[in-house]
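This report refers to the structure that appears directly beneath it.
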Amino acid sequence: MSETPDEVLDASGMACPMPIIKTNKVMKSMQPGQVLELIATDPGAPSDVKAWTSRTGNTLVDSSHEGEKYIFHIRKAG
Amino acid sequence: MTEDTITAEKLGIIASHGSLDSAYMPLILATTAPALGMEAAIFFTFYGLEILKKDSYEHLKIAPVANPAMPIPIPNIVGVLPGMTALATHMMNDWISKAGIATIPELLDLALEEDVRLIACQMTMDMMGIDKDELIDGVEFGGAATYLGYISENAVTIAF
């Protein structure tokens, strides 16, 4: 992703459901259209982030996987 | 799906068991629900009240007897020995901590912060001789009608 994220949340080491709960909390403080970079090591995160974005209407811009880390870019709905 | 299609869905959970593992399912689901735009309530009844007791919520235990699914199997004949419940609980707490899983006190705090309704079953409290002040702050008290009233409007329900 070429765009610089507006916020970064490092949820490394956190297990379900904390990455989603923290993501939701940070997202609430952001403006529509802004992008959050979420870093997680929970192997359930790809599925959970997808379910959460589809439920909340936020957009999963892209996701990648580097070693143990999953990196997601999520754009706030507006 | 856009934000305006989110309906006022609710999650209603019955928690009727008081072991450490049994405390996780209702609390994990109820604390996640608000992140998905859902309200949540947990109705604690029978042994589930243990999860709300001031003197036990931080020290919930694992039963090693009649639990063939323990990651390290403990034969029943061994599980009944003194100290085995403490050992199994210690092992489970160790796994919980190593896996980065939130503790039960942390999940209870989170639930209250997120306005998850923690409803203690008054009938079971009376039956088991549990006073209101034995339960953690933030709990509400009610009976079957309280829970049914909550779930009667567009709720999904789960019982543990």
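Chain labels A, B, ... are given in the sequence in which chains occur in the structure tokens; within each chain residues are numbered consecutively from 1, and ligands are likewise numbered from 1 in the order shown.
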Under the rule of at most 10 Å, produce a per-residue listing of chain A near chain B: chain, number, name, the closest pair of atoms, and the distance in Å, as a Markdown table, using only C-alpha atoms.
```
| residue | atom | partner | partner_atom | distance |
| --- | --- | --- | --- | --- |
| A:Ser12 | CA | B:Gly100 | CA | 9.2 |
| A:Gly13 | CA | B:Gly100 | CA | 5.7 |
| A:Met14 | CA | B:Gly100 | CA | 5.0 |
| A:Ala15 | CA | B:Ile101 | CA | 5.1 |
| A:Cys16 | CA | B:Ile101 | CA | 7.1 |
| A:Pro17 | CA | B:Thr32 | CA | 6.3 |
| A:Met18 | CA | B:Ala102 | CA | 7.7 |
| A:Ile20 | CA | B:Ala35 | CA | 7.1 |
| A:Ile21 | CA | B:Ala35 | CA | 5.8 |
| A:Lys22 | CA | B:Ala35 | CA | 8.8 |
| A:Thr23 | CA | B:Ala35 | CA | 8.5 |
| A:Asn24 | CA | B:Ala35 | CA | 5.6 |
| A:Lys25 | CA | B:Ala35 | CA | 7.9 |
| A:Lys28 | CA | B:Ala35 | CA | 9.9 |
| A:Asp42 | CA | B:Gly100 | CA | 9.3 |
| A:Ala51 | CA | B:Leu36 | CA | 8.8 |
| A:Trp52 | CA | B:Leu36 | CA | 6.2 |
| A:Thr53 | CA | B:Leu36 | CA | 8.7 |
| A:Ser54 | CA | B:Met1 | CA | 6.0 |
| A:Arg55 | CA | B:Leu36 | CA | 6.1 |
| A:Thr56 | CA | B:Glu3 | CA | 5.8 |
| A:Gly57 | CA | B:Thr2 | CA | 4.5 |
| A:Asn58 | CA | B:Thr2 | CA | 7.9 |
| A:Thr59 | CA | B:Thr2 | CA | 9.8 |
| A:Ala77 | CA | B:Glu3 | CA | 7.6 |
| A:Gly78 | CA | B:Glu3 | CA | 8.8 |
```
Would you output that residue set with N, CA and C atoms, as a short mmCIF file (atom, residue, chain, number, x, y, z; two decimals), in the first residue's frame?
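Printed below is result_26.cif as written:
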```cif
data_model
loop_
_atom_site.label_atom_id
_atom_site.label_comp_id
_atom_site.auth_asym_id
_atom_site.auth_seq_id
_atom_site.Cartn_x
_atom_site.Cartn_y
_atom_site.Cartn_z
N SER A 12 -0.09 -7.06 18.05
CA SER A 12 0.75 -8.26 18.08
C SER A 12 0.69 -8.90 19.47
N GLY A 13 0.59 -10.22 19.49
CA GLY A 13 0.57 -10.94 20.77
C GLY A 13 -0.80 -11.04 21.40
N MET A 14 -1.76 -10.28 20.87
CA MET A 14 -3.11 -10.34 21.45
C MET A 14 -3.91 -11.45 20.79
N ALA A 15 -4.69 -12.16 21.63
CA ALA A 15 -5.54 -13.23 21.11
C ALA A 15 -6.97 -12.73 20.95
N CYS A 16 -7.76 -13.50 20.23
CA CYS A 16 -9.18 -13.22 20.04
C CYS A 16 -9.82 -12.96 21.40
N PRO A 17 -10.66 -11.98 21.56
CA PRO A 17 -11.18 -11.05 20.54
C PRO A 17 -10.51 -9.69 20.57
N MET A 18 -9.36 -9.55 21.28
CA MET A 18 -8.82 -8.21 21.52
C MET A 18 -8.42 -7.45 20.25
N ILE A 20 -9.87 -7.30 17.40
CA ILE A 20 -11.09 -6.71 16.83
C ILE A 20 -11.64 -5.61 17.75
N ILE A 21 -11.62 -5.88 19.05
CA ILE A 21 -12.15 -4.88 19.99
C ILE A 21 -11.31 -3.61 19.96
N LYS A 22 -9.98 -3.77 19.91
CA LYS A 22 -9.09 -2.59 19.85
C LYS A 22 -9.26 -1.87 18.51
N THR A 23 -9.39 -2.64 17.42
CA THR A 23 -9.58 -2.03 16.10
C THR A 23 -10.85 -1.18 16.09
N ASN A 24 -11.90 -1.76 16.64
CA ASN A 24 -13.18 -1.04 16.67
C ASN A 24 -13.06 0.26 17.47
N LYS A 25 -12.32 0.18 18.58
CA LYS A 25 -12.16 1.35 19.45
C LYS A 25 -11.38 2.46 18.72
N LYS A 28 -13.36 4.15 15.92
CA LYS A 28 -14.36 5.11 16.39
C LYS A 28 -13.79 6.52 16.49
N ASP A 42 -2.54 -12.85 15.69
CA ASP A 42 -3.58 -13.86 15.89
C ASP A 42 -3.91 -14.51 14.55
N ALA A 51 -14.82 -10.48 8.61
CA ALA A 51 -16.18 -10.51 9.15
C ALA A 51 -16.54 -9.17 9.77
N TRP A 52 -15.57 -8.57 10.47
CA TRP A 52 -15.83 -7.29 11.15
C TRP A 52 -16.06 -6.17 10.13
N THR A 53 -15.23 -6.11 9.07
CA THR A 53 -15.41 -5.04 8.08
C THR A 53 -16.74 -5.23 7.34
N SER A 54 -17.06 -6.47 7.03
CA SER A 54 -18.30 -6.69 6.28
C SER A 54 -19.51 -6.32 7.13
N ARG A 55 -19.40 -6.53 8.42
CA ARG A 55 -20.51 -6.22 9.34
C ARG A 55 -20.62 -4.71 9.61
N THR A 56 -19.46 -4.03 9.68
CA THR A 56 -19.49 -2.61 10.07
C THR A 56 -19.51 -1.67 8.87
N GLY A 57 -19.26 -2.21 7.67
CA GLY A 57 -19.29 -1.35 6.49
C GLY A 57 -17.97 -0.67 6.20
N ASN A 58 -16.96 -0.87 7.05
CA ASN A 58 -15.63 -0.34 6.76
C ASN A 58 -15.00 -1.20 5.65
N THR A 59 -14.00 -0.63 4.96
CA THR A 59 -13.44 -1.35 3.81
C THR A 59 -12.07 -1.93 4.13
N ALA A 77 -15.61 3.75 6.91
CA ALA A 77 -16.77 4.08 6.08
C ALA A 77 -17.16 5.54 6.30
N GLY A 78 -17.68 6.16 5.28
CA GLY A 78 -18.08 7.55 5.44
C GLY A 78 -19.21 7.91 4.52
#
```
Applying 7 Å and only C-alpha atoms, which residues near Asn154 of chain B remain after dropping the ones on its own chain fewer than 2 positions away? List them as a list in words. Glu9, Lys10, Ile151, Ser152 and Val156 of chain B
What's the 12 Å shell around segment 69-85 of chain B, counting only C-alpha atoms, without same-chain residues fewer than 3 positions away, as an MDAnalysis selection string? chainID B and resid 19:21 59:66 88:92 95
One decimal, in Å: what's the spacing between atom CA of Tyr147 of chain B and atom CA of Asp55 of chain B? 25.3 Å
From a backbone DSSP assignment, name each residue in chain B labelled strand (DSSP E), as number ranges by chain. B: 10-15, 39-44, 117-121, 140-142, 155-159
Exercise: Leu60 of chain A partners within 8 Å, only C-alpha atoms, chain neighbours under 2 positions left out, as a ChimeraX atom specification: /A:49-50,53,58,62-63,72-75
Go ahead and write the residues just picked, N, CA and C atoms, as a short mmCIF file (atom, residue, chain, number, x, y, z; two decimals), in the first residue's frame.
```
data_model
loop_
_atom_site.label_atom_id
_atom_site.label_comp_id
_atom_site.auth_asym_id
_atom_site.auth_seq_id
_atom_site.Cartn_x
_atom_site.Cartn_y
_atom_site.Cartn_z
N VAL A 49 -11.15 -10.10 10.78
CA VAL A 49 -11.14 -8.74 10.24
C VAL A 49 -12.12 -8.64 9.07
N LYS A 50 -12.15 -9.68 8.25
CA LYS A 50 -13.07 -9.71 7.12
C LYS A 50 -14.53 -9.66 7.61
N THR A 53 -15.23 -6.11 9.07
CA THR A 53 -15.41 -5.04 8.08
C THR A 53 -16.74 -5.23 7.34
N ASN A 58 -16.96 -0.87 7.05
CA ASN A 58 -15.63 -0.34 6.76
C ASN A 58 -15.00 -1.20 5.65
N ASP A 62 -6.48 -3.69 1.87
CA ASP A 62 -5.60 -4.80 1.51
C ASP A 62 -5.11 -5.50 2.77
N SER A 63 -4.58 -6.69 2.58
CA SER A 63 -3.99 -7.40 3.70
C SER A 63 -2.76 -8.15 3.21
N PHE A 72 -3.12 -5.35 7.97
CA PHE A 72 -4.38 -4.99 7.29
C PHE A 72 -4.46 -3.48 7.15
N HIS A 73 -4.99 -3.02 6.04
CA HIS A 73 -5.33 -1.60 5.90
C HIS A 73 -6.84 -1.50 5.77
N ILE A 74 -7.41 -0.74 6.66
CA ILE A 74 -8.87 -0.65 6.73
C ILE A 74 -9.29 0.81 6.60
N ARG A 75 -10.18 1.07 5.64
CA ARG A 75 -10.65 2.44 5.45
C ARG A 75 -12.00 2.62 6.14
#
```
Using only C-alpha atoms, which residue out of B:Ala15, B:Ile130, B:Leu135, B:Ile51 lies closest to Ile104 of chain B? B:Ile51
Apply DSSP to the backbone of this structure and, from chain A, keep only the residues in alpha helix (DSSP H); write these as a CSV table (one decimal) with N, CA, C and O atoms, in the first residue's frame.
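Saved to result_32.csv:
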```csv
chain,number,residue,atom,x,y,z
A,18,MET,N,-9.4,-9.6,21.3
A,18,MET,CA,-8.8,-8.2,21.5
A,18,MET,C,-8.4,-7.4,20.2
A,18,MET,O,-8.7,-6.2,20.2
A,19,PRO,N,-7.8,-8.1,19.2
A,19,PRO,CA,-7.5,-7.3,18.0
A,19,PRO,C,-8.7,-6.6,17.4
A,19,PRO,O,-8.7,-5.4,17.0
A,20,ILE,N,-9.9,-7.3,17.4
A,20,ILE,CA,-11.1,-6.7,16.8
A,20,ILE,C,-11.6,-5.6,17.7
A,20,ILE,O,-12.0,-4.5,17.3
A,21,ILE,N,-11.6,-5.9,19.0
A,21,ILE,CA,-12.2,-4.9,20.0
A,21,ILE,C,-11.3,-3.6,20.0
A,21,ILE,O,-11.8,-2.5,19.9
A,22,LYS,N,-10.0,-3.8,19.9
A,22,LYS,CA,-9.1,-2.6,19.9
A,22,LYS,C,-9.3,-1.9,18.5
A,22,LYS,O,-9.3,-0.6,18.5
A,23,THR,N,-9.4,-2.6,17.4
A,23,THR,CA,-9.6,-2.0,16.1
A,23,THR,C,-10.8,-1.2,16.1
A,23,THR,O,-10.9,0.0,15.6
A,24,ASN,N,-11.9,-1.8,16.6
A,24,ASN,CA,-13.2,-1.0,16.7
A,24,ASN,C,-13.1,0.3,17.5
A,24,ASN,O,-13.6,1.3,17.1
A,25,LYS,N,-12.3,0.2,18.6
A,25,LYS,CA,-12.2,1.3,19.4
A,25,LYS,C,-11.4,2.5,18.7
A,25,LYS,O,-11.8,3.6,18.7
A,26,VAL,N,-10.3,2.1,18.1
A,26,VAL,CA,-9.5,3.1,17.4
A,26,VAL,C,-10.3,3.7,16.2
A,26,VAL,O,-10.3,4.9,16.0
A,27,MET,N,-11.0,2.8,15.5
A,27,MET,CA,-11.8,3.2,14.3
A,27,MET,C,-12.8,4.3,14.7
A,27,MET,O,-13.1,5.2,14.0
A,28,LYS,N,-13.4,4.2,15.9
A,28,LYS,CA,-14.4,5.1,16.4
A,28,LYS,C,-13.8,6.5,16.5
A,28,LYS,O,-14.5,7.5,16.3
A,45,ALA,N,-7.1,-13.7,12.8
A,45,ALA,CA,-7.3,-12.3,12.4
A,45,ALA,C,-7.8,-12.1,11.0
A,45,ALA,O,-8.8,-11.4,10.8
A,46,PRO,N,-7.2,-12.8,10.0
A,46,PRO,CA,-7.8,-12.6,8.6
A,46,PRO,C,-9.3,-12.8,8.5
A,46,PRO,O,-10.0,-12.0,7.9
A,47,SER,N,-9.7,-13.9,9.1
A,47,SER,CA,-11.1,-14.2,9.0
A,47,SER,C,-12.0,-13.2,9.9
A,47,SER,O,-13.0,-12.7,9.4
A,48,ASP,N,-11.5,-12.9,11.0
A,48,ASP,CA,-12.2,-12.0,11.9
A,48,ASP,C,-12.3,-10.6,11.4
A,48,ASP,O,-13.3,-9.9,11.5
A,49,VAL,N,-11.1,-10.1,10.8
A,49,VAL,CA,-11.1,-8.7,10.2
A,49,VAL,C,-12.1,-8.6,9.1
A,49,VAL,O,-12.9,-7.7,8.9
A,50,LYS,N,-12.1,-9.7,8.2
A,50,LYS,CA,-13.1,-9.7,7.1
A,50,LYS,C,-14.5,-9.7,7.6
A,50,LYS,O,-15.3,-8.9,7.1
A,51,ALA,N,-14.8,-10.5,8.6
A,51,ALA,CA,-16.2,-10.5,9.1
A,51,ALA,C,-16.5,-9.2,9.8
A,51,ALA,O,-17.7,-8.7,9.6
A,52,TRP,N,-15.6,-8.6,10.5
A,52,TRP,CA,-15.8,-7.3,11.1
A,52,TRP,C,-16.1,-6.2,10.1
A,52,TRP,O,-17.0,-5.4,10.3
A,53,THR,N,-15.2,-6.1,9.1
A,53,THR,CA,-15.4,-5.0,8.1
A,53,THR,C,-16.7,-5.2,7.3
A,53,THR,O,-17.4,-4.3,7.1
A,54,SER,N,-17.1,-6.5,7.0
A,54,SER,CA,-18.3,-6.7,6.3
A,54,SER,C,-19.5,-6.3,7.1
A,54,SER,O,-20.5,-5.8,6.6
A,55,ARG,N,-19.4,-6.5,8.4
A,55,ARG,CA,-20.5,-6.2,9.3
A,55,ARG,C,-20.6,-4.7,9.6
A,55,ARG,O,-21.7,-4.2,9.8
A,56,THR,N,-19.5,-4.0,9.7
A,56,THR,CA,-19.5,-2.6,10.1
A,56,THR,C,-19.5,-1.7,8.9
A,56,THR,O,-19.7,-0.5,9.0
```
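Separating atom CA of Ala145 of chain B from atom CA of Ala23 of chain B is a distance of 23.2 Å.
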Could you name the residues that touch Leu49 of chain B at 8 Å or less, counting only C-alpha atoms, but leaving out those on the same chain fewer than 2 positions away, as a short mmCIF file (atom, residue, chain, number, x, y, z; two decimals) with N, CA, C and O atoms, in the first residue's frame?
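Generated file (part_7.cif):
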```cif
data_model
loop_
_atom_site.label_atom_id
_atom_site.label_comp_id
_atom_site.auth_asym_id
_atom_site.auth_seq_id
_atom_site.Cartn_x
_atom_site.Cartn_y
_atom_site.Cartn_z
N SER B 16 -24.39 -20.81 32.58
CA SER B 16 -24.85 -21.62 33.72
C SER B 16 -23.74 -22.45 34.36
O SER B 16 -24.01 -23.24 35.26
N HIS B 17 -22.50 -22.27 33.89
CA HIS B 17 -21.39 -23.02 34.47
C HIS B 17 -20.33 -22.07 35.02
O HIS B 17 -20.14 -20.98 34.48
N GLY B 18 -19.66 -22.50 36.06
CA GLY B 18 -18.75 -21.57 36.75
C GLY B 18 -17.28 -21.95 36.71
O GLY B 18 -16.49 -21.42 37.49
N PHE B 44 -26.65 -14.79 34.04
CA PHE B 44 -25.85 -15.73 34.84
C PHE B 44 -26.76 -16.48 35.79
O PHE B 44 -27.41 -15.86 36.64
N THR B 45 -26.78 -17.79 35.65
CA THR B 45 -27.67 -18.58 36.49
C THR B 45 -26.95 -19.81 37.02
O THR B 45 -25.93 -20.22 36.47
N PHE B 46 -27.47 -20.39 38.08
CA PHE B 46 -26.83 -21.54 38.74
C PHE B 46 -25.33 -21.27 38.92
O PHE B 46 -24.94 -20.21 39.39
N TYR B 47 -24.49 -22.21 38.49
CA TYR B 47 -23.05 -22.07 38.77
C TYR B 47 -22.42 -20.92 38.00
O TYR B 47 -21.30 -20.50 38.31
N ILE B 51 -18.96 -16.66 38.25
CA ILE B 51 -18.18 -15.74 37.42
C ILE B 51 -18.34 -14.29 37.91
O ILE B 51 -17.51 -13.44 37.64
N LEU B 52 -19.43 -14.03 38.65
CA LEU B 52 -19.70 -12.67 39.11
C LEU B 52 -19.36 -12.46 40.59
O LEU B 52 -19.43 -11.33 41.08
N LYS B 53 -19.00 -13.53 41.28
CA LYS B 53 -18.74 -13.39 42.72
C LYS B 53 -17.40 -12.71 42.97
O LYS B 53 -16.38 -13.12 42.43
N ALA B 120 -27.71 -11.07 36.88
CA ALA B 120 -27.60 -12.20 37.80
C ALA B 120 -29.01 -12.72 38.09
O ALA B 120 -29.92 -11.95 38.36
N CYS B 121 -29.16 -14.03 37.99
CA CYS B 121 -30.46 -14.65 38.20
C CYS B 121 -30.83 -14.60 39.68
O CYS B 121 -30.21 -15.26 40.52
N MET B 125 -29.85 -16.96 43.01
CA MET B 125 -29.15 -16.33 44.14
C MET B 125 -29.87 -16.66 45.45
O MET B 125 -29.23 -17.00 46.45
#
```
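Checking B:Ile119, B:Ile158, B:Leu27, B:Val139 one by one against Thr103 of chain B, counting only C-alpha atoms, you find the shortest gap at B:Leu27.
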Measure the distance from atom CA of Glu37 of chain A to atom CA of Glu114 of chain B in Å and round it to one decimal. 23.4 Å
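Of the listed residues B:Gly149, B:Ala111, B:Pro105, B:Asp137, the one whose atoms come nearest to Ser56 of chain B is B:Pro105, with distances taken using only C-alpha atoms.
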